Amino acid sequence: MRLEILLIILGMTAVTFIPRFLPMAFMSRLKVPKRLSVFLEYVPVAVLAALVFPAVFAADEGGFGIDPTLLLSAGIVLLFSYKLRNLWGAVVLGMAVYWGLSSF
Amino acid sequence: MSKDIREGSKAALPIVLGYLPVGMAYGVLARAAGLSTLEATGMSVFVFAGASQFIAVSMLGAGAAAFPVILTTFIVNSRHVLMTSALARYFKGLPVGKIIPLSGQVTDESFAVAMADVSLVTGRPNYLMALQMTAYGSWVSGSIIGALFGSIIDSSSYGIPFAMTALFICLLVMQIRNRVHVIVAVTAGVLALGLQGILPNNLHLIIAATGAAGTGLWLTLRRETMNGVWSESNKE
């Protein structure tokens, strides 16, 4: 392993660890104000939606776009998830549908 | 304790299905960018943050120096602040020796799976640890396979590009329990779509998620004021 790459990896490790570690270390010890705790309750749904929308409304070359294969696959997974709430099934079905649709 | 580990590992299986091929894609790209198999694997072992690793190897392939790569990694991964803050409440008073490995392996995916049913996570660090270790194992394995034999499998086929999206859609559906959740989700989604072309390095994720969670807080406080009492109903 080249020294420069090793140093880059160690630097990346440090800057990735800090935002993961510090909030959990402090907030598991402090009394969290009610407003902050309500805010944090909405974080999971907010993070997920911020990940999902750009992944679904995406163009081939990146950025915003409408792709029928993507939208249809997403719609089917959405319906399946709403009815059955099965993560494993959603991933397998999603991959199969997307694979099938993109072969046409 | 062994029950926690068993259940946690099992909960990670949908993530494994996504991490293996995406880790392989990372391994292929890392090799193509000029990293050795050991360097590509080392990055997965130590950093374990997919999006930032893809960005780092593409920057390195384009001849970027150490500092910009590390700074970009920091910006991309600063979004984890939101997730580890949200997770902290389920591990009150956990010793720092346990917080280090637990927080060090938080990813978008493991966070989202953990939050799908918080009753499974509350006070069970070993459950979350097993969930994250299983995801970690699949990410590192995928990276090694990709770096060694990456050219064998075409990572743009078999629906692989859609695996993570499908996982996130199902997790999002499971998170939505009331009308405020719907509003928060749509706000976050629209903000993310609008900001992704403007803000570099995944910063749109942080702004969109913070703005939307703030909207949720505002709606909750407003309802509380209108009802005159603290409403517990938003919790479930």
# chains A, B, ... in the order shown; residues from 1 in each chain; ligands from 1
call {"tool": "residues_around", "arguments": {"residues": "segment 65-78 of chain A", "least_positions_apart": "5", "cutoff": "7 Å", "atoms": "only C-alpha atoms", "output": "list in words"}}
result
Val56, Phe57, Ala58, Ala59, Ala90, Gly94, Val97, Tyr98, Leu101 and Ser102 of chain A; Ala166, Ile169 and Cys170 of chain B
call {"tool": "closest_atom_pairs", "arguments": {"of": "chain A", "to": "chain B", "cutoff": "7 Å", "atoms": "only C-alpha atoms", "output": "JSON lines"}}
result
{"residue": "A:Met1", "atom": "CA", "partner": "B:Glu39", "partner_atom": "CA", "distance": 6.0}
{"residue": "A:Ile8", "atom": "CA", "partner": "B:Ala66", "partner_atom": "CA", "distance": 5.6}
{"residue": "A:Ile9", "atom": "CA", "partner": "B:Met43", "partner_atom": "CA", "distance": 5.7}
{"residue": "A:Gly11", "atom": "CA", "partner": "B:Ile70", "partner_atom": "CA", "distance": 6.0}
{"residue": "A:Met12", "atom": "CA", "partner": "B:Ile70", "partner_atom": "CA", "distance": 5.2}
{"residue": "A:Thr13", "atom": "CA", "partner": "B:Val47", "partner_atom": "CA", "distance": 4.7}
{"residue": "A:Val15", "atom": "CA", "partner": "B:Phe74", "partner_atom": "CA", "distance": 5.1}
{"residue": "A:Thr16", "atom": "CA", "partner": "B:Asn77", "partner_atom": "CA", "distance": 5.8}
{"residue": "A:Phe17", "atom": "CA", "partner": "B:Gly104", "partner_atom": "CA", "distance": 5.6}
{"residue": "A:Pro19", "atom": "CA", "partner": "B:Val81", "partner_atom": "CA", "distance": 5.0}
{"residue": "A:Arg20", "atom": "CA", "partner": "B:Ser103", "partner_atom": "CA", "distance": 5.4}
{"residue": "A:Phe21", "atom": "CA", "partner": "B:Ser103", "partner_atom": "CA", "distance": 5.1}
{"residue": "A:Pro23", "atom": "CA", "partner": "B:Ser85", "partner_atom": "CA", "distance": 5.0}
{"residue": "A:Met24", "atom": "CA", "partner": "B:Ala88", "partner_atom": "CA", "distance": 4.7}
{"residue": "A:Ala25", "atom": "CA", "partner": "B:Ile99", "partner_atom": "CA", "distance": 6.4}
{"residue": "A:Met27", "atom": "CA", "partner": "B:Ala88", "partner_atom": "CA", "distance": 5.6}
{"residue": "A:Ser28", "atom": "CA", "partner": "B:Lys92", "partner_atom": "CA", "distance": 4.5}
{"residue": "A:Arg29", "atom": "CA", "partner": "B:Gly93", "partner_atom": "CA", "distance": 5.4}
{"residue": "A:Val38", "atom": "CA", "partner": "B:Leu217", "partner_atom": "CA", "distance": 6.0}
{"residue": "A:Phe39", "atom": "CA", "partner": "B:Leu217", "partner_atom": "CA", "distance": 5.2}
{"residue": "A:Leu40", "atom": "CA", "partner": "B:Ala86", "partner_atom": "CA", "distance": 5.1}
{"residue": "A:Glu41", "atom": "CA", "partner": "B:Ala86", "partner_atom": "CA", "distance": 6.9}
{"residue": "A:Tyr42", "atom": "CA", "partner": "B:Ala213", "partner_atom": "CA", "distance": 4.9}
{"residue": "A:Val43", "atom": "CA", "partner": "B:Ala213", "partner_atom": "CA", "distance": 5.5}
{"residue": "A:Pro44", "atom": "CA", "partner": "B:Ala112", "partner_atom": "CA", "distance": 6.5}
{"residue": "A:Val45", "atom": "CA", "partner": "B:Gln175", "partner_atom": "CA", "distance": 5.8}
{"residue": "A:Ala46", "atom": "CA", "partner": "B:Ala209", "partner_atom": "CA", "distance": 4.7}
{"residue": "A:Val47", "atom": "CA", "partner": "B:Ala209", "partner_atom": "CA", "distance": 5.1}
{"residue": "A:Leu48", "atom": "CA", "partner": "B:Leu172", "partner_atom": "CA", "distance": 5.8}
{"residue": "A:Ala49", "atom": "CA", "partner": "B:Gly189", "partner_atom": "CA", "distance": 5.0}
{"residue": "A:Ala50", "atom": "CA", "partner": "B:Gly189", "partner_atom": "CA", "distance": 4.7}
{"residue": "A:Val52", "atom": "CA", "partner": "B:Phe168", "partner_atom": "CA", "distance": 6.2}
{"residue": "A:Phe53", "atom": "CA", "partner": "B:Gly189", "partner_atom": "CA", "distance": 5.0}
{"residue": "A:Pro54", "atom": "CA", "partner": "B:Leu193", "partner_atom": "CA", "distance": 5.5}
{"residue": "A:Ala55", "atom": "CA", "partner": "B:Thr165", "partner_atom": "CA", "distance": 6.4}
{"residue": "A:Gly63", "atom": "CA", "partner": "B:Gly197", "partner_atom": "CA", "distance": 6.4}
{"residue": "A:Phe64", "atom": "CA", "partner": "B:Leu193", "partner_atom": "CA", "distance": 6.9}
{"residue": "A:Ala74", "atom": "CA", "partner": "B:Ala166", "partner_atom": "CA", "distance": 6.9}
{"residue": "A:Val77", "atom": "CA", "partner": "B:Ala166", "partner_atom": "CA", "distance": 6.3}
{"residue": "A:Leu78", "atom": "CA", "partner": "B:Ile169", "partner_atom": "CA", "distance": 6.2}
{"residue": "A:Ser81", "atom": "CA", "partner": "B:Cys170", "partner_atom": "CA", "distance": 5.0}
{"residue": "A:Tyr82", "atom": "CA", "partner": "B:Val173", "partner_atom": "CA", "distance": 6.2}
{"residue": "A:Arg85", "atom": "CA", "partner": "B:Met174", "partner_atom": "CA", "distance": 6.6}
{"residue": "A:Leu87", "atom": "CA", "partner": "B:Cys170", "partner_atom": "CA", "distance": 6.1}
{"residue": "A:Trp88", "atom": "CA", "partner": "B:Pro14", "partner_atom": "CA", "distance": 4.9}
{"residue": "A:Ala90", "atom": "CA", "partner": "B:Ala166", "partner_atom": "CA", "distance": 6.0}
{"residue": "A:Val91", "atom": "CA", "partner": "B:Ala166", "partner_atom": "CA", "distance": 5.1}
{"residue": "A:Gly94", "atom": "CA", "partner": "B:Ala166", "partner_atom": "CA", "distance": 5.5}
{"residue": "A:Met95", "atom": "CA", "partner": "B:Gly159", "partner_atom": "CA", "distance": 4.1}
{"residue": "A:Ala96", "atom": "CA", "partner": "B:Gly159", "partner_atom": "CA", "distance": 6.0}
{"residue": "A:Tyr98", "atom": "CA", "partner": "B:Gly159", "partner_atom": "CA", "distance": 5.2}
{"residue": "A:Trp99", "atom": "CA", "partner": "B:Gly159", "partner_atom": "CA", "distance": 4.2}
call {"tool": "atom_distance", "arguments": {"atom1": "atom CA of Leu148 of chain B", "atom2": "atom CA of Val28 of chain B"}}
result
8.0 Å
call {"tool": "atom_distance", "arguments": {"atom1": "atom CA of Ser143 of chain B", "atom2": "atom CA of Ile5 of chain B"}}
result
23.9 Å
call {"tool": "select_by_dssp", "arguments": {"residues": "chain A", "states": "helix (DSSP H, G or I)", "output": "PyMOL selection string"}}
result
chain A and resi 3-27+34-41+43-56+68-84+87-102
call {"tool": "atom_distance", "arguments": {"atom1": "atom CA of Gly61 of chain B", "atom2": "atom CA of Gly34 of chain B"}}
result
6.3 Å
